Amino acid sequence: EVAQVCALLLQPDLRLLTLVGPPGIGKSRLSLHVAAELGNAFLDGAQFVPLAPLRDPALVPDAIAQLFGFAEAGFATPLDYLRVELRRRHLLLVLDNFEQVLPAGQVVEEILAAAPQVKVLVTSRVPLALPDEHLYRTPALDVPAGAHSPSALAAIRSPAVQLLVSRARTANPAFMLTSDNAGAIAAICARVDGLPLAIELVAARLRTLAPELLLARLTHWLATPPDGDGALPARHRTLRHAIAWSYDLLSPAAQTIFARLGVFVHGATAELVQALCTALGDLAAGGPEQIALLVSHNLVRAEVDAAGATRYTMLETLLDYARYQAGLRGEWDAARQAHAHIFCAFIEAAAPQMHGLERRIWMARIEQENDNLR
């Protein structure tokens, strides 16, 4: 897939390519690999713009312009700046998670019109419906075909099995793919339609369950669709199943932390999660252990930010499900209000530091929380 997308982008007459597909299929990861592969093919390299934190299409020009130094420029609007700045650039612009800001498609049109040497690679669940847009339908990972009980050697040739085994060994270093469990492993990959995110969620359960037992439980769960999923396309339903199944296996305390994490945008530190739980009146002491559990189940990712602090983030699909659960629990409004108070206090604490010796440190912290502040 990387080779195919790179070949398309190197065609002289192709300016806009959109990777489309259901959530969890790997569009973002594919685009990152393509950007790394093609970085040297463009004089100004490749620039990756994560749009997942945005909900307002009007913020898209700003999100792009900040990468090119708009904050220090003297232009009235980010779009004015982009028209001038990108005109002289020869680069690949990667816009990730565009589906929630689709009206900003006109921004992409203006960039392409103003900057003849810029190419745009977009990831989205749906096309942008722009003139000259080329679509690439991102496939799921190949699963073992044919035999009900493939050998371990035959099974491991499948990318879906490779991913499952890799994540299973992360959860349980003693795990091994053998001829005895290869059939169950292959069947698990097939049951989740080869969707990478679903495979990662399911693989976390191999920490405590044998593949055959995991397959039996997963098959039983998938046989009863969650309410309201009947209108979703098949692969959307599959992923929703996998997320719901993983969520239902959590302890009540971990479920609460997971739902509350949905209020943050582009993640949060452990201190911010603790502050939210304290504001909502319970679980003030249990947060770190529950977050660690969510990380081990692949529902939350632990990343080190620019300041060296650990930040807990979720993929956009999981974030949507966390917000859905917060709504079901009746906590969404209270969580948003607590979030607002936390970040008002944060920016009030930052204000006096803007002229002190720690100005650079606080500026970095503000930048890190930019999406939460928005």
# chains A, B, ... in the order shown; residues from 1 in each chain; ligands from 1
>>> residues_around(residues="Leu294 in chain A", least_positions_apart="5", cutoff="9 Å", atoms="only C-alpha atoms", output="compact mmCIF listing (two decimals) with all heavy atoms, in the first residue's frame")
# COMPACT_ATOMS: atom_id res chain seq x y z
N LEU A 250 -13.45 -4.22 31.24
CA LEU A 250 -12.75 -3.41 32.24
C LEU A 250 -13.47 -3.44 33.58
O LEU A 250 -14.67 -3.69 33.65
CB LEU A 250 -12.66 -1.95 31.77
CG LEU A 250 -11.85 -1.65 30.50
CD1 LEU A 250 -12.08 -0.20 30.09
CD2 LEU A 250 -10.38 -1.92 30.72
N ALA A 254 -12.01 1.48 36.01
CA ALA A 254 -11.32 1.76 34.75
C ALA A 254 -12.29 2.27 33.69
O ALA A 254 -11.94 3.14 32.88
CB ALA A 254 -10.61 0.49 34.25
N GLN A 255 -13.52 1.75 33.69
CA GLN A 255 -14.53 2.25 32.76
C GLN A 255 -14.81 3.74 33.02
O GLN A 255 -14.97 4.53 32.08
CB GLN A 255 -15.83 1.45 32.90
CG GLN A 255 -15.75 0.05 32.34
CD GLN A 255 -17.06 -0.70 32.51
OE1 GLN A 255 -17.94 -0.28 33.26
NE2 GLN A 255 -17.19 -1.82 31.81
N ILE A 257 -12.73 6.00 34.38
CA ILE A 257 -11.59 6.80 33.92
C ILE A 257 -11.59 6.90 32.40
O ILE A 257 -11.35 7.97 31.83
CB ILE A 257 -10.27 6.19 34.42
CG1 ILE A 257 -10.17 6.27 35.95
CG2 ILE A 257 -9.07 6.90 33.79
CD1 ILE A 257 -10.00 7.65 36.48
N PHE A 258 -11.87 5.79 31.71
CA PHE A 258 -11.91 5.79 30.25
C PHE A 258 -12.93 6.80 29.73
O PHE A 258 -12.64 7.60 28.84
CB PHE A 258 -12.25 4.38 29.74
CG PHE A 258 -12.42 4.30 28.25
CD1 PHE A 258 -11.33 4.27 27.41
CD2 PHE A 258 -13.69 4.24 27.69
CE1 PHE A 258 -11.48 4.20 26.03
CE2 PHE A 258 -13.86 4.17 26.31
CZ PHE A 258 -12.75 4.15 25.48
N GLU A 289 -3.51 3.89 38.63
CA GLU A 289 -3.62 2.44 38.42
C GLU A 289 -4.59 2.12 37.29
O GLU A 289 -4.35 1.22 36.48
CB GLU A 289 -4.07 1.75 39.71
CG GLU A 289 -3.07 1.84 40.86
CD GLU A 289 -3.14 3.17 41.59
OE1 GLU A 289 -4.05 3.98 41.29
OE2 GLU A 289 -2.26 3.41 42.44
N LEU A 299 -6.36 0.61 25.00
CA LEU A 299 -7.42 1.60 24.85
C LEU A 299 -6.89 3.02 24.98
O LEU A 299 -7.50 3.97 24.51
CB LEU A 299 -8.52 1.35 25.89
CG LEU A 299 -9.37 0.10 25.65
CD1 LEU A 299 -10.13 -0.27 26.92
CD2 LEU A 299 -10.33 0.31 24.50
N VAL A 300 -5.75 3.16 25.65
CA VAL A 300 -5.10 4.45 25.85
C VAL A 300 -3.62 4.29 25.52
O VAL A 300 -3.05 3.23 25.76
CB VAL A 300 -5.28 4.94 27.31
CG1 VAL A 300 -4.41 6.13 27.62
CG2 VAL A 300 -6.75 5.29 27.57
N ARG A 301 -3.03 5.34 24.96
CA ARG A 301 -1.61 5.31 24.62
C ARG A 301 -0.84 6.25 25.54
O ARG A 301 -1.28 7.37 25.80
CB ARG A 301 -1.39 5.73 23.16
CG ARG A 301 -2.00 4.74 22.19
CD ARG A 301 -1.71 5.13 20.75
NE ARG A 301 -2.12 4.05 19.85
CZ ARG A 301 -1.91 4.07 18.54
NH1 ARG A 301 -1.32 5.11 17.98
NH2 ARG A 301 -2.29 3.06 17.78
>>> closest_atom_pairs(of="range 58-101 of chain A", to="range 315-320 of chain A", cutoff="12 Å", atoms="only C-alpha atoms", output="tab-separated table")
residue	atom	partner	partner_atom	distance
A:Asp96	CA	A:Glu316	CA	11.0
A:Asn97	CA	A:Glu316	CA	8.5
A:Phe98	CA	A:Glu316	CA	11.5
A:Glu99	CA	A:Glu316	CA	11.2
A:Gln100	CA	A:Glu316	CA	10.6
>>> write_last_selection(atoms="N, CA and C atoms", output="JSON list (two decimals), in the first residue's frame")
[["chain", "number", "residue", "atom", "x", "y", "z"],
["A", 96, "ASP", "N", -4.43, 14.92, 8.27],
["A", 96, "ASP", "CA", -4.93, 13.68, 8.86],
["A", 96, "ASP", "C", -6.26, 13.90, 9.59],
["A", 97, "ASN", "N", -7.20, 12.98, 9.41],
["A", 97, "ASN", "CA", -8.52, 13.01, 10.06],
["A", 97, "ASN", "C", -9.34, 14.22, 9.61],
["A", 98, "PHE", "N", -9.62, 14.29, 8.33],
["A", 98, "PHE", "CA", -10.31, 15.44, 7.76],
["A", 98, "PHE", "C", -11.83, 15.34, 7.86],
["A", 99, "GLU", "N", -12.36, 14.16, 8.19],
["A", 99, "GLU", "CA", -13.81, 13.96, 8.07],
["A", 99, "GLU", "C", -14.64, 14.87, 8.96],
["A", 100, "GLN", "N", -14.07, 15.34, 10.08],
["A", 100, "GLN", "CA", -14.87, 16.17, 10.98],
["A", 100, "GLN", "C", -14.78, 17.66, 10.67]]
>>> select_by_dssp(residues="range 47-287 of chain A", states="alpha helix (DSSP H)", output="ChimeraX atom specification")
/A:60-65,78-85,105-114,152-155,159-171,182-191,196-203,211-222,234-248,252-261,270-280,287
>>> select_by_dssp(residues="range 95-241 of chain A", states="strand (DSSP E)", output="ChimeraX atom specification")
/A:95-96,118-124,133-137
>>> write_last_selection(atoms="C-alpha atoms", output="PDB file, in the first residue's frame")
ATOM      1  CA  LEU A  95      -3.858  16.433   6.469  1.00  0.00           C
ATOM      2  CA  ASP A  96      -4.933  13.678   8.861  1.00  0.00           C
ATOM      3  CA  VAL A 118       2.404  21.561  -3.234  1.00  0.00           C
ATOM      4  CA  LYS A 119       0.714  18.169  -3.200  1.00  0.00           C
ATOM      5  CA  VAL A 120      -1.854  17.246  -0.543  1.00  0.00           C
ATOM      6  CA  LEU A 121      -2.408  13.811   0.986  1.00  0.00           C
ATOM      7  CA  VAL A 122      -5.595  13.589   3.068  1.00  0.00           C
ATOM      8  CA  THR A 123      -6.926  10.845   5.337  1.00  0.00           C
ATOM      9  CA  SER A 124     -10.692  10.798   5.832  1.00  0.00           C
ATOM     10  CA  GLU A 133      -9.492  14.610  -6.046  1.00  0.00           C
ATOM     11  CA  HIS A 134      -8.139  11.075  -6.438  1.00  0.00           C
ATOM     12  CA  LEU A 135      -9.297   8.411  -3.981  1.00  0.00           C
ATOM     13  CA  TYR A 136      -7.358   5.486  -2.542  1.00  0.00           C
ATOM     14  CA  ARG A 137      -9.550   3.032  -0.634  1.00  0.00           C
TER      15      ARG A 137
END
>>> atom_distance(atom1="CA of Glu348 in chain A", atom2="CA of Arg365 in chain A")
13.0 Å
>>> atom_distance(atom1="CA of Tyr324 in chain A", atom2="CA of Asn298 in chain A")
18.3 Å
>>> residues_around(residues="Asp142 in chain A", least_positions_apart="4", cutoff="12 Å", atoms="only C-alpha atoms", output="ChimeraX atom specification")
/A:1,25,138,155-163,186,189-190,192-196
>>> write_last_selection(atoms="C-alpha atoms", output="PDB file, in the first residue's frame")
ATOM      1  CA  GLU A   1       0.000   0.000   0.000  1.00  0.00           C
ATOM      2  CA  ILE A  25      -8.264   0.575   9.257  1.00  0.00           C
ATOM      3  CA  THR A 138      -7.411   1.791   2.244  1.00  0.00           C
ATOM      4  CA  ALA A 155      -0.411 -18.129   9.231  1.00  0.00           C
ATOM      5  CA  ILE A 156       2.520 -15.809   9.948  1.00  0.00           C
ATOM      6  CA  ARG A 157       2.659 -14.804   6.268  1.00  0.00           C
ATOM      7  CA  SER A 158      -0.565 -12.879   6.881  1.00  0.00           C
ATOM      8  CA  PRO A 159      -0.068  -9.216   7.919  1.00  0.00           C
ATOM      9  CA  ALA A 160      -3.090  -9.472  10.228  1.00  0.00           C
ATOM     10  CA  VAL A 161      -1.539 -12.431  12.067  1.00  0.00           C
ATOM     11  CA  GLN A 162       1.819 -10.650  12.222  1.00  0.00           C
ATOM     12  CA  LEU A 163       0.167  -7.668  13.940  1.00  0.00           C
ATOM     13  CA  ALA A 186      -6.186 -16.869  12.073  1.00  0.00           C
ATOM     14  CA  CYS A 189      -8.118 -12.019  12.671  1.00  0.00           C
ATOM     15  CA  ALA A 190     -10.905 -13.025  10.302  1.00  0.00           C
ATOM     16  CA  VAL A 192     -12.483  -8.724  13.232  1.00  0.00           C
ATOM     17  CA  ASP A 193     -12.224  -8.307   9.441  1.00  0.00           C
ATOM     18  CA  GLY A 194      -8.481  -7.648   9.507  1.00  0.00           C
ATOM     19  CA  LEU A 195      -9.024  -4.188  11.039  1.00  0.00           C
ATOM     20  CA  PRO A 196      -5.719  -3.134  12.668  1.00  0.00           C
TER      21      PRO A 196
END
>>> closest_atom_pairs(of="range 79-140 of chain A", to="range 36-44 of chain A", cutoff="8 Å", atoms="only C-alpha atoms", output="Markdown table")
| residue | atom | partner | partner_atom | distance |
| --- | --- | --- | --- | --- |
| A:Arg89 | CA | A:Asp44 | CA | 6.4 |
| A:His90 | CA | A:Asp44 | CA | 5.4 |
| A:Leu91 | CA | A:Asp44 | CA | 4.9 |
| A:Leu92 | CA | A:Phe42 | CA | 6.8 |
>>> residues_around(residues="Asn372 in chain A", least_positions_apart="2", cutoff="8 Å", atoms="only C-alpha atoms", output="compact mmCIF listing (two decimals) with C-alpha atoms, in the first residue's frame")
# COMPACT_ATOMS: atom_id res chain seq x y z
CA PHE A 264 -9.75 15.94 26.95
CA VAL A 265 -8.59 16.94 23.47
CA HIS A 266 -5.21 15.62 22.33
CA PHE A 343 -7.96 24.98 32.12
CA GLU A 369 -2.40 22.17 25.94
CA ASN A 370 -3.43 24.31 22.96
CA ARG A 374 -9.43 25.80 22.39
>>> closest_residue(among="A:Gly267, A:Pro78, A:Gly327, A:Pro173", to="Leu373 in chain A", atoms="only C-alpha atoms")
A:Gly267
>>> closest_residue(among="A:Gly281, A:Ala322, A:Tyr247, A:Val304", to="Arg260 in chain A", atoms="only C-alpha atoms")
A:Ala322
>>> residues_around(residues="Ala270 in chain A", least_positions_apart="3", cutoff="10 Å", atoms="only C-alpha atoms", output="list in words")
Gly267, Val273, Gln274, Ala275, Leu276, Gly287, Pro288, Ile291, Ala309, Thr310, Arg311 and Tyr312 of chain A
>>> write_last_selection(atoms="all heavy atoms", output="PDB file, in the first residue's frame")
ATOM      1  N   GLY A 267      -5.317  14.482  24.468  1.00  0.00           N
ATOM      2  CA  GLY A 267      -4.739  13.846  25.637  1.00  0.00           C
ATOM      3  C   GLY A 267      -4.585  14.736  26.849  1.00  0.00           C
ATOM      4  O   GLY A 267      -4.953  15.908  26.864  1.00  0.00           O
ATOM      5  N   VAL A 273      -5.721  14.396  34.627  1.00  0.00           N
ATOM      6  CA  VAL A 273      -6.756  13.375  34.833  1.00  0.00           C
ATOM      7  C   VAL A 273      -7.141  13.323  36.302  1.00  0.00           C
ATOM      8  O   VAL A 273      -8.322  13.237  36.656  1.00  0.00           O
ATOM      9  CB  VAL A 273      -6.263  12.001  34.351  1.00  0.00           C
ATOM     10  CG1 VAL A 273      -7.311  10.925  34.626  1.00  0.00           C
ATOM     11  CG2 VAL A 273      -5.929  12.031  32.868  1.00  0.00           C
ATOM     12  N   GLN A 274      -6.138  13.387  37.186  1.00  0.00           N
ATOM     13  CA  GLN A 274      -6.385  13.372  38.628  1.00  0.00           C
ATOM     14  C   GLN A 274      -7.235  14.584  39.034  1.00  0.00           C
ATOM     15  O   GLN A 274      -8.177  14.471  39.832  1.00  0.00           O
ATOM     16  CB  GLN A 274      -5.059  13.401  39.380  1.00  0.00           C
ATOM     17  CG  GLN A 274      -5.167  13.172  40.869  1.00  0.00           C
ATOM     18  CD  GLN A 274      -5.171  11.696  41.208  1.00  0.00           C
ATOM     19  OE1 GLN A 274      -4.751  10.890  40.397  1.00  0.00           O
ATOM     20  NE2 GLN A 274      -5.654  11.360  42.382  1.00  0.00           N
ATOM     21  N   ALA A 275      -6.922  15.763  38.461  1.00  0.00           N
ATOM     22  CA  ALA A 275      -7.681  16.973  38.784  1.00  0.00           C
ATOM     23  C   ALA A 275      -9.130  16.839  38.342  1.00  0.00           C
ATOM     24  O   ALA A 275     -10.050  17.269  39.054  1.00  0.00           O
ATOM     25  CB  ALA A 275      -7.029  18.182  38.110  1.00  0.00           C
ATOM     26  N   LEU A 276      -9.352  16.231  37.179  1.00  0.00           N
ATOM     27  CA  LEU A 276     -10.720  16.037  36.700  1.00  0.00           C
ATOM     28  C   LEU A 276     -11.497  15.115  37.631  1.00  0.00           C
ATOM     29  O   LEU A 276     -12.643  15.405  38.002  1.00  0.00           O
ATOM     30  CB  LEU A 276     -10.697  15.466  35.286  1.00  0.00           C
ATOM     31  CG  LEU A 276     -12.068  15.194  34.671  1.00  0.00           C
ATOM     32  CD1 LEU A 276     -12.785  16.504  34.353  1.00  0.00           C
ATOM     33  CD2 LEU A 276     -11.944  14.353  33.399  1.00  0.00           C
ATOM     34  N   GLY A 287      -6.764   6.916  40.081  1.00  0.00           N
ATOM     35  CA  GLY A 287      -6.531   7.226  38.685  1.00  0.00           C
ATOM     36  C   GLY A 287      -5.325   6.553  38.052  1.00  0.00           C
ATOM     37  O   GLY A 287      -5.456   5.891  37.030  1.00  0.00           O
ATOM     38  N   PRO A 288      -4.111   6.696  38.621  1.00  0.00           N
ATOM     39  CA  PRO A 288      -2.917   6.152  37.964  1.00  0.00           C
ATOM     40  C   PRO A 288      -3.004   4.655  37.675  1.00  0.00           C
ATOM     41  O   PRO A 288      -2.609   4.209  36.598  1.00  0.00           O
ATOM     42  CB  PRO A 288      -1.798   6.474  38.965  1.00  0.00           C
ATOM     43  CG  PRO A 288      -2.300   7.649  39.733  1.00  0.00           C
ATOM     44  CD  PRO A 288      -3.777   7.451  39.829  1.00  0.00           C
ATOM     45  N   ILE A 291      -5.433   4.128  34.774  1.00  0.00           N
ATOM     46  CA  ILE A 291      -4.848   4.553  33.498  1.00  0.00           C
ATOM     47  C   ILE A 291      -3.860   3.499  32.999  1.00  0.00           C
ATOM     48  O   ILE A 291      -3.831   3.162  31.816  1.00  0.00           O
ATOM     49  CB  ILE A 291      -4.161   5.924  33.632  1.00  0.00           C
ATOM     50  CG1 ILE A 291      -5.193   7.016  33.932  1.00  0.00           C
ATOM     51  CG2 ILE A 291      -3.393   6.264  32.355  1.00  0.00           C
ATOM     52  CD1 ILE A 291      -4.578   8.371  34.194  1.00  0.00           C
ATOM     53  N   ALA A 309       7.191  14.909  29.794  1.00  0.00           N
ATOM     54  CA  ALA A 309       6.134  14.356  30.648  1.00  0.00           C
ATOM     55  C   ALA A 309       5.355  13.288  29.884  1.00  0.00           C
ATOM     56  O   ALA A 309       5.266  13.318  28.656  1.00  0.00           O
ATOM     57  CB  ALA A 309       5.188  15.474  31.094  1.00  0.00           C
ATOM     58  N   THR A 310       4.794  12.340  30.625  1.00  0.00           N
ATOM     59  CA  THR A 310       3.972  11.305  30.006  1.00  0.00           C
ATOM     60  C   THR A 310       2.571  11.847  29.770  1.00  0.00           C
ATOM     61  O   THR A 310       1.945  12.408  30.674  1.00  0.00           O
ATOM     62  CB  THR A 310       3.898  10.051  30.897  1.00  0.00           C
ATOM     63  OG1 THR A 310       5.215   9.552  31.095  1.00  0.00           O
ATOM     64  CG2 THR A 310       3.057   8.969  30.236  1.00  0.00           C
ATOM     65  N   ARG A 311       2.098  11.679  28.558  1.00  0.00           N
ATOM     66  CA  ARG A 311       0.780  12.173  28.164  1.00  0.00           C
ATOM     67  C   ARG A 311      -0.040  10.989  27.695  1.00  0.00           C
ATOM     68  O   ARG A 311       0.443  10.144  26.937  1.00  0.00           O
ATOM     69  CB  ARG A 311       0.933  13.206  27.049  1.00  0.00           C
ATOM     70  CG  ARG A 311      -0.321  13.990  26.772  1.00  0.00           C
ATOM     71  CD  ARG A 311      -0.041  15.151  25.831  1.00  0.00           C
ATOM     72  NE  ARG A 311      -1.202  16.035  25.778  1.00  0.00           N
ATOM     73  CZ  ARG A 311      -1.428  17.001  26.633  1.00  0.00           C
ATOM     74  NH1 ARG A 311      -0.570  17.236  27.600  1.00  0.00           N
ATOM     75  NH2 ARG A 311      -2.509  17.750  26.543  1.00  0.00           N
ATOM     76  N   TYR A 312      -1.296  10.947  28.121  1.00  0.00           N
ATOM     77  CA  TYR A 312      -2.177   9.826  27.794  1.00  0.00           C
ATOM     78  C   TYR A 312      -3.167  10.270  26.721  1.00  0.00           C
ATOM     79  O   TYR A 312      -3.915  11.230  26.904  1.00  0.00           O
ATOM     80  CB  TYR A 312      -2.886   9.338  29.053  1.00  0.00           C
ATOM     81  CG  TYR A 312      -1.898   8.837  30.088  1.00  0.00           C
ATOM     82  CD1 TYR A 312      -1.498   9.648  31.149  1.00  0.00           C
ATOM     83  CD2 TYR A 312      -1.327   7.576  29.962  1.00  0.00           C
ATOM     84  CE1 TYR A 312      -0.567   9.205  32.074  1.00  0.00           C
ATOM     85  CE2 TYR A 312      -0.384   7.124  30.886  1.00  0.00           C
ATOM     86  CZ  TYR A 312      -0.014   7.937  31.926  1.00  0.00           C
ATOM     87  OH  TYR A 312       0.924   7.495  32.829  1.00  0.00           O
TER      88      TYR A 312
END
